Structures are given as structure tokens and as C-alpha cells.
file coords_18.cif (mmCIF, C-alpha atoms)
data_input
#
loop_
_atom_site.label_atom_id
_atom_site.label_comp_id
_atom_site.auth_asym_id
_atom_site.auth_seq_id
_atom_site.Cartn_x
_atom_site.Cartn_y
_atom_site.Cartn_z
CA MET K 60 0.00 0.00 0.00
CA ASN K 61 1.51 3.35 -0.91
CA ASP K 62 1.87 6.16 1.57
CA ALA K 63 -0.75 8.53 0.18
CA VAL K 64 -3.45 5.85 0.35
CA LYS K 65 -2.40 4.97 3.89
CA ILE K 66 -2.69 8.61 4.99
CA ILE K 67 -6.19 8.89 3.52
CA LEU K 68 -7.22 5.66 5.21
CA ILE K 69 -5.93 6.90 8.58
CA ALA K 70 -7.98 10.09 8.19
CA VAL K 71 -11.20 8.27 7.21
CA SER K 72 -10.74 5.69 9.94
CA ALA K 73 -10.18 8.36 12.60
CA ALA K 74 -13.08 10.55 11.49
CA LEU K 75 -15.82 8.05 10.67
CA VAL K 76 -15.07 4.39 11.38
CA ASN K 77 -13.60 4.79 14.87
CA ASN K 78 -15.41 8.00 15.69
CA VAL K 79 -13.84 9.49 18.78
CA VAL K 80 -17.02 10.11 20.78
CA LEU K 81 -19.47 7.58 19.38
CA SER K 82 -17.25 4.53 19.36
CA ARG K 83 -14.26 5.38 21.56
CA PHE K 84 -16.10 7.48 24.17
CA LEU K 85 -13.45 10.17 24.44
CA GLY K 86 -14.37 13.82 24.89
CA LEU K 87 -17.87 13.06 26.12
CA CYS K 88 -18.06 16.04 28.46
CA PRO K 89 -17.94 18.74 25.77
CA PHE K 90 -19.95 16.48 23.44
CA LEU K 91 -22.86 16.40 25.89
CA GLY K 92 -22.21 19.83 27.38
CA VAL K 93 -21.66 22.19 24.46
CA SER K 94 -24.20 20.71 22.04
CA LYS K 95 -27.22 22.78 23.05
CA ASN K 96 -27.12 24.94 19.96
CA MET K 97 -25.49 24.77 16.58
CA LYS K 98 -23.41 27.91 17.02
CA SER K 99 -21.54 26.86 20.15
CA ALA K 100 -21.20 23.29 18.84
CA ALA K 101 -19.49 24.56 15.70
CA GLY K 102 -17.23 26.84 17.76
CA MET K 103 -16.24 23.97 20.02
CA GLY K 104 -15.60 21.74 17.02
CA VAL K 105 -13.27 24.24 15.36
CA ALA K 106 -11.42 24.84 18.65
CA VAL K 107 -10.94 21.08 19.09
CA ILE K 108 -9.59 20.68 15.54
CA PHE K 109 -7.18 23.53 16.21
CA VAL K 110 -5.90 22.20 19.55
CA ILE K 111 -5.69 18.53 18.56
CA ALA K 112 -3.79 19.35 15.34
CA ILE K 113 -1.20 21.39 17.24
CA SER K 114 -0.97 19.05 20.23
CA SER K 115 -0.55 15.88 18.17
CA ALA K 116 2.24 17.57 16.18
CA VAL K 117 4.03 18.86 19.29
CA SER K 118 3.61 15.66 21.30
CA ASN K 119 4.94 13.62 18.38
CA LEU K 120 8.02 15.82 18.07
CA ILE K 121 8.65 15.64 21.82
CA TYR K 122 8.26 11.86 21.80
CA GLN K 123 10.55 11.37 18.77
CA PHE K 124 13.28 13.85 19.65
CA ILE K 125 13.32 13.99 23.45
CA LEU K 126 11.75 10.91 25.02
CA VAL K 127 13.05 8.23 22.63
CA PRO K 128 16.73 9.38 22.52
CA LEU K 129 16.80 9.58 26.33
CA SER K 130 14.84 6.28 26.57
CA LEU K 131 12.21 7.95 28.75
CA GLU K 132 9.21 6.53 26.84
CA TYR K 133 7.61 5.47 30.11
CA LEU K 134 7.09 9.14 31.02
CA GLN K 135 4.79 9.68 28.01
CA THR K 136 1.55 10.08 30.00
CA ILE K 137 3.01 12.65 32.39
CA VAL K 138 4.80 14.58 29.67
CA PHE K 139 1.84 14.64 27.26
CA ILE K 140 -0.69 15.90 29.80
CA LEU K 141 1.63 18.70 30.92
CA VAL K 142 2.47 19.61 27.32
CA ILE K 143 -1.22 19.75 26.40
CA ALA K 144 -2.13 21.89 29.42
CA ALA K 145 0.74 24.30 28.76
CA LEU K 146 0.00 24.35 25.03
CA VAL K 147 -3.64 25.26 25.50
CA GLN K 148 -2.68 28.14 27.80
CA PHE K 149 -0.05 29.28 25.33
CA VAL K 150 -2.41 29.07 22.34
CA GLU K 151 -4.95 31.12 24.25
CA MET K 152 -2.42 33.86 25.10
CA PHE K 153 -1.04 33.82 21.55
CA LEU K 154 -4.49 34.18 19.97
CA LYS K 155 -5.45 36.94 22.39
CA LYS K 156 -2.37 38.92 21.45
CA VAL K 157 -2.06 38.19 17.73
CA ILE K 158 -5.50 37.29 16.33
CA PRO K 159 -8.05 38.86 18.70
CA ALA K 160 -10.95 38.13 16.32
CA LEU K 161 -10.25 34.38 16.40
CA HIS K 162 -9.73 34.54 20.16
CA LYS K 163 -13.16 36.05 20.55
CA THR K 164 -14.70 33.10 18.70
CA LEU K 165 -12.64 30.26 20.18
CA GLY K 166 -11.45 31.78 23.48
CA VAL K 167 -14.22 30.52 25.74
CA TYR K 168 -13.82 26.96 24.50
CA LEU K 169 -10.07 26.67 24.94
CA PRO K 170 -9.92 26.20 28.76
CA LEU K 171 -12.56 23.48 28.44
CA ILE K 172 -10.34 21.52 26.07
CA THR K 173 -7.47 20.92 28.51
CA THR K 174 -9.52 18.37 30.36
CA ASN K 175 -10.87 16.88 27.14
CA CYS K 176 -9.61 13.33 27.19
CA ALA K 177 -9.75 13.14 23.40
CA VAL K 178 -6.65 15.34 23.16
CA LEU K 179 -4.58 13.11 25.46
CA GLY K 180 -6.18 10.03 23.89
CA VAL K 181 -4.99 11.00 20.40
CA ALA K 182 -1.46 11.77 21.61
CA LEU K 183 -1.18 8.39 23.36
CA ASN K 184 -2.85 6.59 20.44
CA ASN K 185 -0.26 8.00 18.03
CA VAL K 186 2.49 6.45 20.14
CA THR K 187 0.74 3.07 20.51
CA ASP K 188 0.13 2.84 16.75
CA GLU K 189 3.73 3.95 16.03
CA TYR K 190 2.66 6.79 13.75
CA GLY K 191 5.29 9.12 12.28
CA PHE K 192 4.95 12.91 12.26
CA LEU K 193 2.67 13.27 9.23
CA GLU K 194 0.55 10.28 10.22
CA SER K 195 0.15 11.67 13.76
CA VAL K 196 -1.04 15.03 12.52
CA VAL K 197 -3.44 13.43 10.02
CA ASN K 198 -4.78 11.09 12.69
CA GLY K 199 -5.21 14.07 15.03
CA ILE K 200 -7.05 16.20 12.49
CA GLY K 201 -9.17 13.21 11.39
CA THR K 202 -10.17 12.49 14.98
CA ALA K 203 -11.04 16.13 15.60
CA VAL K 204 -13.08 16.33 12.40
CA GLY K 205 -14.96 13.22 13.56
CA PHE K 206 -15.65 14.98 16.88
CA THR K 207 -16.89 18.08 15.04
CA ILE K 208 -19.19 16.04 12.78
CA ALA K 209 -20.67 14.23 15.77
CA ILE K 210 -21.19 17.34 17.93
CA ILE K 211 -22.77 19.30 15.07
CA ILE K 212 -25.20 16.48 14.24
CA LEU K 213 -26.10 16.16 17.94
CA ALA K 214 -26.64 19.93 18.24
CA GLY K 215 -28.90 19.85 15.17
CA VAL K 216 -31.00 17.06 16.65
CA ARG K 217 -31.13 18.75 20.07
CA GLU K 218 -32.36 22.02 18.57
CA ARG K 219 -35.23 20.07 16.99
CA ILE K 220 -36.23 18.00 20.04
CA GLU K 221 -36.06 21.02 22.36
CA ASP K 222 -39.80 21.78 22.23
CA ASN K 223 -41.01 18.21 21.91
CA ASP K 224 -43.10 16.45 24.48
CA ILE K 225 -40.43 14.34 26.20
CA PRO K 226 -41.42 12.12 29.17
CA VAL K 227 -40.43 13.94 32.37
CA PRO K 228 -37.66 11.59 33.61
CA PHE K 229 -36.04 11.65 30.16
CA GLN K 230 -35.80 15.44 29.95
CA GLY K 231 -32.28 16.84 29.96
CA MET K 232 -29.38 14.40 29.89
CA PRO K 233 -31.19 11.08 29.25
CA ILE K 234 -32.77 12.15 25.96
CA VAL K 235 -29.38 13.46 24.79
CA MET K 236 -27.82 10.10 25.66
CA LEU K 237 -30.56 8.27 23.74
CA THR K 238 -29.92 10.53 20.74
CA ALA K 239 -26.20 9.81 21.00
CA GLY K 240 -26.99 6.09 21.18
CA LEU K 241 -29.03 6.25 17.96
CA MET K 242 -26.23 8.23 16.31
CA ALA K 243 -23.75 5.57 17.43
CA ILE K 244 -25.93 2.91 15.75
CA ALA K 245 -25.89 4.98 12.55
CA PHE K 246 -22.12 5.40 12.73
CA MET K 247 -21.71 1.63 13.09
CA GLY K 248 -22.67 1.54 9.43
CA PHE K 249 -19.24 2.95 8.62
CA SER K 250 -17.48 0.00 10.24
CA GLY K 251 -17.27 -2.00 7.02
CA LEU K 252 -16.00 0.97 5.03
CA ILE K 253 -12.27 0.28 5.18
CA ARG K 254 -9.89 -2.36 6.41
CA LEU K 255 -6.46 -1.15 7.52
CA MET F 85 -12.29 5.36 63.66
CA ASN F 86 -15.84 6.60 63.25
CA LYS F 87 -14.62 9.34 60.94
CA PHE F 88 -13.02 6.79 58.61
CA GLY F 89 -16.22 4.77 58.48
CA GLU F 90 -18.10 7.95 57.61
CA ARG F 91 -15.67 8.61 54.71
CA LEU F 92 -16.26 5.10 53.36
CA LYS F 93 -20.04 5.48 53.59
CA ASN F 94 -19.83 8.90 51.96
CA GLY F 95 -17.96 7.50 48.96
CA ILE F 96 -19.97 4.32 48.54
CA ILE F 97 -23.48 5.61 49.27
CA THR F 98 -24.03 9.32 50.02
CA GLU F 99 -21.86 10.76 47.25
CA ASN F 100 -21.43 7.69 45.04
CA PRO F 101 -19.50 8.93 41.98
CA THR F 102 -21.50 6.86 39.47
CA PHE F 103 -25.04 6.87 40.82
CA VAL F 104 -25.22 10.19 42.67
CA GLN F 105 -22.65 12.52 41.13
CA ILE F 106 -22.49 10.90 37.65
CA LEU F 107 -18.78 11.59 37.32
CA GLY F 108 -16.18 9.94 35.13
CA MET F 109 -18.48 9.34 32.19
CA CYS F 110 -15.79 8.39 29.66
CA PRO F 111 -14.54 5.27 31.50
CA THR F 112 -18.07 4.45 32.64
CA LEU F 113 -19.27 4.20 29.05
CA ALA F 114 -16.09 2.83 27.51
CA VAL F 115 -15.07 -0.13 29.68
CA THR F 116 -18.37 -1.49 30.97
CA THR F 117 -18.68 -4.07 28.18
CA SER F 118 -18.37 -6.79 30.83
CA ALA F 119 -18.54 -6.99 34.61
CA ILE F 120 -14.89 -8.07 34.84
CA ASN F 121 -13.73 -5.07 32.80
CA GLY F 122 -15.77 -2.74 35.00
CA LEU F 123 -14.31 -4.35 38.13
CA GLY F 124 -10.74 -4.09 36.79
CA MET F 125 -11.13 -0.47 35.79
CA GLY F 126 -12.82 0.38 39.11
CA LEU F 127 -10.10 -1.26 41.21
CA SER F 128 -7.31 0.39 39.18
CA THR F 129 -8.97 3.75 39.71
CA THR F 130 -9.37 2.96 43.43
CA VAL F 131 -5.64 2.24 43.85
CA ILE F 132 -4.73 5.46 42.04
CA LEU F 133 -7.28 7.45 44.08
CA ILE F 134 -5.93 6.17 47.40
CA MET F 135 -2.30 6.75 46.46
CA SER F 136 -2.84 10.19 44.95
CA ASN F 137 -5.05 11.33 47.85
CA LEU F 138 -2.39 10.06 50.27
CA MET F 139 0.43 11.85 48.48
CA ILE F 140 -1.50 15.09 47.96
CA ALA F 141 -2.60 15.17 51.61
CA MET F 142 1.02 14.65 52.69
CA LEU F 143 2.21 17.47 50.45
CA ARG F 144 -0.75 19.79 51.03
CA LYS F 145 1.30 22.29 53.04
CA VAL F 146 4.25 22.13 50.64
CA ILE F 147 2.49 22.68 47.30
CA PRO F 148 2.03 26.41 46.58
CA ASN F 149 -1.61 27.27 45.96
CA ARG F 150 -1.10 28.81 42.54
CA ILE F 151 0.49 25.77 40.93
CA ARG F 152 -1.53 23.14 42.76
CA ILE F 153 -3.43 21.82 39.72
CA PRO F 154 -0.30 21.00 37.64
CA ALA F 155 1.28 19.51 40.77
CA TYR F 156 -1.77 17.28 41.35
CA ILE F 157 -1.75 16.23 37.71
CA VAL F 158 1.91 15.20 37.89
CA ILE F 159 1.25 13.15 41.05
CA ILE F 160 -1.83 11.49 39.52
CA ALA F 161 -0.05 10.80 36.21
CA SER F 162 2.86 9.16 38.06
CA PHE F 163 0.57 6.73 39.87
CA VAL F 164 -1.37 6.06 36.66
CA THR F 165 1.90 5.12 34.92
CA ILE F 166 2.85 2.79 37.80
CA VAL F 167 -0.53 1.06 37.80
CA ASP F 168 -0.47 0.77 33.99
CA PHE F 169 2.89 -1.01 34.05
CA LEU F 170 1.86 -3.26 36.97
CA LEU F 171 -1.24 -4.35 35.03
CA GLN F 172 0.80 -4.97 31.87
CA ALA F 173 3.22 -7.11 33.86
CA TYR F 174 0.88 -9.12 36.09
CA LEU F 175 -2.58 -8.99 34.45
CA PRO F 176 -1.79 -8.76 30.72
CA GLU F 177 -5.25 -9.98 29.66
CA LEU F 178 -7.08 -7.30 31.63
CA SER F 179 -4.59 -4.69 30.45
CA GLU F 180 -5.25 -5.76 26.86
CA SER F 181 -9.03 -5.53 27.18
CA LEU F 182 -8.96 -2.14 28.94
CA GLY F 183 -6.58 -0.85 26.26
CA GLY F 184 -5.62 2.79 26.43
CA TYR F 185 -8.27 3.65 28.99
CA ILE F 186 -5.95 2.90 31.94
CA LYS F 187 -3.63 5.72 30.84
CA LEU F 188 -6.63 8.01 30.45
CA ILE F 189 -7.41 7.68 34.19
CA VAL F 190 -5.18 10.80 34.37
CA VAL F 191 -8.03 12.90 33.05
CA ASN F 192 -10.70 11.14 35.12
CA CYS F 193 -12.40 14.01 36.88
CA ILE F 194 -13.14 11.98 40.03
CA ILE F 195 -9.45 11.88 40.97
CA LEU F 196 -8.65 15.55 40.41
CA GLY F 197 -12.01 16.38 42.00
CA ARG F 198 -11.19 14.49 45.21
CA ALA F 199 -7.72 16.07 45.31
CA GLU F 200 -9.26 19.53 45.03
CA ALA F 201 -12.26 18.96 47.27
CA TYR F 202 -10.84 16.75 50.01
CA ALA F 203 -7.18 15.71 50.03
CA SER F 204 -5.87 19.26 49.71
CA LYS F 205 -7.58 20.28 52.95
CA ASN F 206 -7.59 17.17 55.15
CA PRO F 207 -5.14 14.96 57.07
CA VAL F 208 -3.42 11.98 55.46
CA ALA F 209 -5.36 9.04 56.93
CA ALA F 210 -8.79 10.59 56.35
CA SER F 211 -7.81 11.43 52.75
CA ALA F 212 -6.73 7.85 52.11
CA PHE F 213 -10.07 6.58 53.40
CA ASP F 214 -11.86 9.17 51.28
CA GLY F 215 -10.03 7.78 48.25
CA LEU F 216 -10.90 4.22 49.26
CA GLY F 217 -14.58 5.09 49.71
CA MET F 218 -14.88 6.98 46.42
CA GLY F 219 -12.91 4.29 44.59
CA LEU F 220 -15.13 1.50 45.95
CA GLY F 221 -18.22 3.52 45.05
CA PHE F 222 -16.93 3.91 41.50
CA THR F 223 -16.01 0.21 41.34
CA ILE F 224 -19.50 -0.82 42.43
CA GLY F 225 -21.03 1.50 39.83
CA LEU F 226 -18.86 0.26 36.97
CA THR F 227 -19.30 -3.40 37.94
CA ALA F 228 -23.07 -3.03 38.17
CA ILE F 229 -23.35 -1.32 34.77
CA GLY F 230 -20.93 -3.87 33.30
CA MET F 231 -23.03 -6.71 34.74
CA VAL F 232 -26.24 -5.35 33.18
CA ARG F 233 -24.63 -4.81 29.77
CA GLU F 234 -22.93 -8.20 29.80
CA LEU F 235 -26.13 -9.95 30.88
CA ILE F 236 -28.32 -8.36 28.19
CA GLY F 237 -25.72 -8.09 25.45
CA ALA F 238 -23.71 -11.28 25.73
CA GLY F 239 -25.97 -13.46 27.88
CA THR F 240 -23.20 -14.15 30.37
CA PHE F 241 -22.70 -13.39 34.08
CA PHE F 242 -19.01 -12.82 34.95
CA GLY F 243 -18.19 -15.02 31.95
CA MET F 244 -20.65 -17.83 32.79
CA THR F 245 -23.22 -18.42 30.04
CA ILE F 246 -26.90 -18.15 30.93
CA PRO F 247 -28.61 -21.09 29.20
CA GLY F 248 -31.61 -20.51 26.95
CA TYR F 249 -31.19 -16.76 26.51
CA GLN F 250 -30.79 -15.07 23.15
CA PRO F 251 -28.41 -12.11 23.71
CA ILE F 252 -29.12 -8.65 22.26
CA GLY F 253 -25.64 -7.96 20.90
CA ILE F 254 -25.98 -4.20 20.59
CA PHE F 255 -25.74 -3.75 24.36
CA VAL F 256 -22.06 -4.72 24.44
CA LEU F 257 -21.33 -2.49 21.42
CA SER F 258 -20.89 1.26 21.71
CA PRO F 259 -24.57 2.30 21.21
CA GLY F 260 -25.54 0.04 24.13
CA ALA F 261 -23.43 2.12 26.51
CA PHE F 262 -25.35 5.28 25.62
CA LEU F 263 -28.72 3.52 25.84
CA VAL F 264 -28.00 1.93 29.24
CA MET F 265 -26.72 5.26 30.64
CA ALA F 266 -29.80 7.07 29.29
CA PHE F 267 -32.13 4.70 31.11
CA LEU F 268 -29.99 4.76 34.28
CA ILE F 269 -30.01 8.57 34.46
CA ALA F 270 -33.74 8.70 33.68
CA PHE F 271 -34.32 6.26 36.57
CA LEU F 272 -32.13 8.32 38.92
CA ASN F 273 -33.91 11.51 37.85
CA SER F 274 -37.35 10.10 38.55
CA ARG F 275 -36.19 8.89 41.97
CA ARG F 276 -34.68 12.30 42.74
CA ARG F 277 -37.86 14.02 41.67
CA LYS F 278 -39.87 11.92 44.10
CA SER F 279 -37.60 12.89 47.00
CA GLY F 280 -37.73 16.52 45.92
CA LYS F 281 -34.11 16.83 44.79
CA ALA F 282 -32.90 18.55 41.64
CA ALA F 283 -32.51 16.43 38.48
CA VAL F 284 -29.05 15.12 37.65
CA SER F 285 -28.48 17.67 34.92
CA ASP F 286 -29.28 20.51 37.32
CA THR F 287 -26.34 19.95 39.64
CA ILE F 288 -24.46 23.16 40.10
CA CYS F 289 -20.99 24.23 39.07
CA ARG F 290 -18.52 23.40 41.81
CA THR F 291 -15.72 25.77 40.92
CA GLU F 292 -15.46 29.12 39.26
CA ASP F 293 -14.34 27.81 35.89
CA CYS F 294 -14.93 24.63 33.94
CA MET F 295 -11.23 23.90 33.67
CA HIS F 296 -10.88 23.02 37.34
CA CYS F 297 -14.35 21.64 37.77
CA SER F 298 -14.78 18.05 38.81
CA ASN F 299 -18.39 18.04 37.70
CA THR F 300 -18.70 16.92 34.12
CA SER F 301 -22.35 16.15 34.45
CA CYS F 302 -23.61 19.71 34.31
CA GLY F 303 -24.93 18.92 30.84
CA GLY F 304 -24.46 22.42 29.53
CA ARG F 305 -25.98 24.54 32.26
CA PHE F 306 -23.09 26.93 32.27
CA TYR F 307 -21.61 25.76 28.99
CA ASP F 308 -24.73 27.14 27.41
CA PHE F 309 -23.15 30.44 26.57
CA ASP F 310 -24.89 32.41 23.90
CA GLY F 311 -22.82 35.10 22.26
CA GLU F 312 -20.78 37.22 24.60
CA THR F 313 -21.27 35.81 28.10
CA ASP F 314 -19.17 32.76 28.85
CA MET F 315 -19.85 30.42 31.72
CA VAL F 316 -17.22 32.01 33.92
CA GLY F 317 -18.67 35.46 33.39
CA ARG F 318 -22.16 34.24 34.00
CA LEU F 319 -21.24 32.46 37.20
CA ALA F 320 -19.32 35.51 38.44
CA GLU F 321 -22.35 37.64 37.64
CA LYS F 322 -24.61 35.31 39.61
CA GLN F 323 -22.26 35.28 42.59
CA LYS F 324 -22.05 39.07 42.50
CA GLN F 325 -25.84 39.34 42.48
CA GLU F 326 -26.05 37.00 45.46
CA LYS F 327 -23.43 39.05 47.29
CA ASP F 328 -25.29 42.27 46.49
CA THR F 329 -28.58 40.95 47.80
CA LYS F 330 -26.87 39.66 50.94
CA SER F 331 -25.05 42.92 51.61
CA GLY F 332 -28.27 44.80 50.80
CA GLN F 333 -30.07 42.80 53.46
CA SER F 334 -27.37 43.35 56.05
CA GLN F 335 -27.38 47.07 55.32
CA ASP F 336 -31.13 47.09 55.80
CA GLY F 337 -30.61 45.32 59.11
CA GLU F 338 -28.13 47.93 60.23
CA VAL F 339 -30.45 50.70 59.23
CA LYS F 340 -33.21 49.16 61.31
CA GLN F 341 -30.89 48.85 64.29
CA HIS F 342 -29.99 52.50 63.99
CA GLU F 343 -33.62 53.47 63.93
#
call {"tool": "encode", "arguments": {"input": "coords_18.cif", "output": "C-alpha cells"}}
result
Amino acid sequence: MNDAVKIILIAVSAALVNNVVLSRFLGLCPFLGVSKNMKSAAGMGVAVIFVIAISSAVSNLIYQFILVPLSLEYLQTIVFILVIAALVQFVEMFLKKVIPALHKTLGVYLPLITTNCAVLGVALNNVTDEYGFLESVVNGIGTAVGFTIAIIILAGVRERIEDNDIPVPFQGMPIVMLTAGLMAIAFMGFSGLIRL
Amino acid sequence: MNKFGERLKNGIITENPTFVQILGMCPTLAVTTSAINGLGMGLSTTVILIMSNLMIAMLRKVIPNRIRIPAYIVIIASFVTIVDFLLQAYLPELSESLGGYIKLIVVNCIILGRAEAYASKNPVAASAFDGLGMGLGFTIGLTAIGMVRELIGAGTFFGMTIPGYQPIGIFVLSPGAFLVMAFLIAFLNSRRRKSGKAAVSDTICRTEDCMHCSNTSCGGRFYDFDGETDMVGRLAEKQKQEKDTKSGQSQDGEVKQHE
């Protein structure tokens, strides 16, 4: 299999087949929390793409050029979580200073992303699957796009069921979980799409 | 001694992380495909909770307040790494089936939440028992959900086949996790309504910003920012209003006294 095809397969697999929220259950908190309306869902999605792309690139470089030469691979969890936390803070300060317009759109979502387990999950996954730099970044962006697709679909459905007559115990979180469950069934249809 | 018993009861019953606080959703949904997986994940989390609570309580007077969160995260991540390697060495099968989720215990909000809420303010022994109680509560929750999913989805009970039952496979696949949680929360909500408590999704923010909040179950109450006001701003506004009304009342009281 040539490299270009492999890269495309990694992206499709990360975005659709192994969808980060619906089949790997990472990043559930923002998925359930920020999906009340389409506008904030889209903002969150873009912020996640932004942060995951940068963090998977940086964590891959740190792993390749610092941890492996010093044979400190066992410190990956500690190093990655600190790098991600610092990176998010740094990105926020950088955007505030340099691109205030973008900061105004994404700023409120950035602090929420530090504790998003999808970011750490992708960084650790890249190491487990022995991805190189390009593959890591593509896997990261693919995963984040999958998150964005899922959260936007959920927000669309939630906007529509808002005024419906939902049984009292199911109002709030339970109906959102049921919706997510039905979406997960739909996304299972992608599972036969590719074979890596 | 009584105090330690109270900590255990608090973790297992009064503030059970799964059934009362609905914390740690990611592992709850991800690893409960069987009762054994739930038990393994729960016990690993328990060990990490006890050790990190112990360590944080010991260092509570040493760690400067401003950098406490990164310090807690380093302590938690160290214990997670230790437990991960122990599982790989001694229980390779369990480690295989839990996959990457053991490493992701680092971002489990229960652990950081207990560090913030309890271990950073209380003595060592009580903090360890707090960790034990919370961990056991979480273990019971995960095992129970795992048992239900395994029973319906695979027709087995801790690996033993139930004869004459046709399993509904979807319950051990990813959609099943969402469906089981939906019904569980609906059940908890209806019970809470009967006893006059707020629904699960109405539990309040515990800290001033979402970044340090151990409560992931708020389901968008303060995430629900439309346009300019973010959740932090809105919460600050609310607190300010409360303060104003309180100080207004006390001023009124003073005025009356003067009269």
C-alpha cells in the first residue's frame, strides 16, 4: 500500500469508522455539554480541531526527539498531559495577542479543552500505533473532524427536540444520551468501510 | 475510627460517583462491556485514588496554591503510569481488554475532583479513606453497569453463560453504553424528583471555571453560553448578584438597628 493511500485511510478511519465520541467514548463532556445549539457546537468543534492538530504535532516531536533518545518513553503520560495543558494556555495567550478576532470566537472553549480526554487520547494513540509525524497530525485532524461532525449532528438534533413532548424523567441528559446512542448505531454503518 | 467509616459510607453511598454525582463518564461508558472489565477499571482507579489522595494530603502544606493543579496532575499521572505497568506485567489480559483507557485515568475528573475537594484540605489518613470510599463507590457503579450490559448483550454473568437466553448484541457495542446510561439517568432523575431533589443535569458548578471543575455532568448549564457571556462570566455575575442581595439585606438590618 503506498503512503498517500495509507494517509487517507488513517484520516477516514479516525473521522468516521472509529469516531472518537461515538465509538471510543473520548471527549464526552464537551460532546454532551456544548451541544445545546449549533453555534456553540461549531465553535467547540473548530477549537478542538485547532488544539488537537497542534498538540498531536508537538507531542509527536517531543516523543521522537526527546523521550526516545533519552529512553524515557515510560514518562509519556506525564509529559503529554503537561504539554497539552501548557500548550492550550499558550495558544490562548497567543491568539489573544495576535489574532483577537479568532480569540473572541474560540477563546471561551479553549480552557474546556485541557480536560478533554480526546486530546490526550490522540497523543497516546499515536504512540501506541507507532505513527510518524505526518501520520500523527493526520490522525489528530481526522479524529477532531470526527468529533466536530458528531457534535454538530447532535446539536442539530437537540435544537429540533427542544420543544417536543419528552417524558419527564427523560428530559435533559437522558434524551441526549438516547440521541447519541441512535447516532452511534448509525455510525456503526461505517465500520465495514475500510480495512487497515 | 468513626470518621473513617463515615468517609467510606460517603464515597460508597451518600456521594457515590457513578449513581449520585455521575462523574467519570468516559470510562463508565467505555469499559463497561463486561462486569470483569468494569471491576478491573474500578479497582485500578481505586488504587490510584488512594495513592494520589495520600500523596496530595502529605504534600498539602508544601504545594504552593497557585500551581496546585499541575502539581496534582503530575502526582496522579505518576501513579497512573505505575498502575499501567503493573497491570501490563501481572494482568496482561485485563490490560489488553482495557486498552488505552488505563492511561486516560489521568483525566478522570473523580481523581482531580477528590484532590481539590478533600485531600488538599484534610489529614493523610482521612484522605486515604476518602479515596478508598470513592474508589469503591466507583467500582461498584462500573461493575453493576458492566453486569447489566454483559447480561443483556452477551448473555453471560461474569463469563458464565446463561442457558436458553438469546443475547441482544448491541448492548455490548458502543450504542448500548449510551442507551444503558440514558435509562440509568432517567431512573435516577425520577427517583430524585420523588424525594424533591434537583434532576441530575441541574447539579451546580462546583468551581469558578470549567477547567478546574470536577463536575462533568452539568450537561451544559453553564456551557450554554450564547454570544458574549461565557460560563465564567455568567457564574461571576450570579455570585455578584447574590453578594449584592446579601449585603443589601445586612445594610437594611443595620439601618433598622440605627432606627
call {"tool": "resolve_selection", "arguments": {"input": "coords_18.cif", "expression": "the PyMOL selection byres ((chain F and resi 253) around 9)", "output": "JSON, numbers by chain"}}
result
{"F": [236, 237, 238, 239, 251, 252, 254, 255, 256, 257, 260]}
call {"tool": "residues_near_point", "arguments": {"input": "coords_18.cif", "point": "(-18.7, 7.7, 18.3)", "cutoff": "9 Å", "atoms": "all atoms listed in the file", "output": "VMD selection string"}}
result
(chain K and resid 75 to 85 205 to 206 209 239 to 240 242 to 243 246 to 247) or (chain F and resid 258 to 259)
call {"tool": "closest_residue", "arguments": {"input": "coords_18.cif", "among": "K:Ile225, K:Leu134, K:Val142, K:Leu193", "to": "chain F", "atoms": "only C-alpha atoms"}}
result
K:Leu134
call {"tool": "residues_around", "arguments": {"input": "coords_18.cif", "residues": "Asp168 of chain F", "least_positions_apart": "5", "cutoff": "8 Å", "atoms": "all atoms listed in the file", "output": "ChimeraX atom specification"}}
result
/F:179,186-187
call {"tool": "atom_distance", "arguments": {"input": "coords_18.cif", "atom1": "atom CA of Leu133 of chain F", "atom2": "atom CA of Asp214 of chain F"}}
result
8.7 Å
call {"tool": "residues_around", "arguments": {"input": "coords_18.cif", "residues": "segment 100-110 of chain K", "least_positions_apart": "2", "cutoff": "8 Å", "atoms": "only C-alpha atoms", "output": "count of residues only"}}
result
27
call {"tool": "decode", "arguments": {"input": "coords_18.cif", "residues": "segment 207-219 of chain K", "atoms": "N, CA and C atoms", "output": "PDB file, in the first residue's frame"}}
result
ATOM      1  N   THR K 207     -16.091  16.947  15.503  1.00  0.00           N
ATOM      2  CA  THR K 207     -16.894  18.075  15.036  1.00  0.00           C
ATOM      3  C   THR K 207     -18.157  17.597  14.323  1.00  0.00           C
ATOM      4  N   ILE K 208     -18.010  16.574  13.471  1.00  0.00           N
ATOM      5  CA  ILE K 208     -19.192  16.042  12.776  1.00  0.00           C
ATOM      6  C   ILE K 208     -20.222  15.574  13.800  1.00  0.00           C
ATOM      7  N   ALA K 209     -19.745  14.796  14.792  1.00  0.00           N
ATOM      8  CA  ALA K 209     -20.668  14.228  15.772  1.00  0.00           C
ATOM      9  C   ALA K 209     -21.353  15.318  16.587  1.00  0.00           C
ATOM     10  N   ILE K 210     -20.585  16.320  17.045  1.00  0.00           N
ATOM     11  CA  ILE K 210     -21.187  17.338  17.932  1.00  0.00           C
ATOM     12  C   ILE K 210     -22.158  18.219  17.147  1.00  0.00           C
ATOM     13  N   ILE K 211     -21.859  18.467  15.853  1.00  0.00           N
ATOM     14  CA  ILE K 211     -22.773  19.304  15.068  1.00  0.00           C
ATOM     15  C   ILE K 211     -24.072  18.552  14.785  1.00  0.00           C
ATOM     16  N   ILE K 212     -23.966  17.255  14.465  1.00  0.00           N
ATOM     17  CA  ILE K 212     -25.196  16.477  14.242  1.00  0.00           C
ATOM     18  C   ILE K 212     -26.035  16.466  15.525  1.00  0.00           C
ATOM     19  N   LEU K 213     -25.362  16.222  16.679  1.00  0.00           N
ATOM     20  CA  LEU K 213     -26.100  16.161  17.940  1.00  0.00           C
ATOM     21  C   LEU K 213     -26.776  17.500  18.241  1.00  0.00           C
ATOM     22  N   ALA K 214     -26.052  18.611  17.981  1.00  0.00           N
ATOM     23  CA  ALA K 214     -26.638  19.929  18.237  1.00  0.00           C
ATOM     24  C   ALA K 214     -27.856  20.145  17.357  1.00  0.00           C
ATOM     25  N   GLY K 215     -27.765  19.713  16.082  1.00  0.00           N
ATOM     26  CA  GLY K 215     -28.899  19.849  15.168  1.00  0.00           C
ATOM     27  C   GLY K 215     -30.111  19.096  15.680  1.00  0.00           C
ATOM     28  N   VAL K 216     -29.873  17.861  16.146  1.00  0.00           N
ATOM     29  CA  VAL K 216     -31.000  17.061  16.651  1.00  0.00           C
ATOM     30  C   VAL K 216     -31.556  17.697  17.920  1.00  0.00           C
ATOM     31  N   ARG K 217     -30.657  18.172  18.808  1.00  0.00           N
ATOM     32  CA  ARG K 217     -31.131  18.750  20.073  1.00  0.00           C
ATOM     33  C   ARG K 217     -31.959  20.000  19.847  1.00  0.00           C
ATOM     34  N   GLU K 218     -31.568  20.815  18.846  1.00  0.00           N
ATOM     35  CA  GLU K 218     -32.364  22.015  18.566  1.00  0.00           C
ATOM     36  C   GLU K 218     -33.788  21.628  18.166  1.00  0.00           C
ATOM     37  N   ARG K 219     -33.907  20.491  17.443  1.00  0.00           N
ATOM     38  CA  ARG K 219     -35.228  20.070  16.994  1.00  0.00           C
ATOM     39  C   ARG K 219     -36.067  19.430  18.093  1.00  0.00           C
TER      40      ARG K 219
END
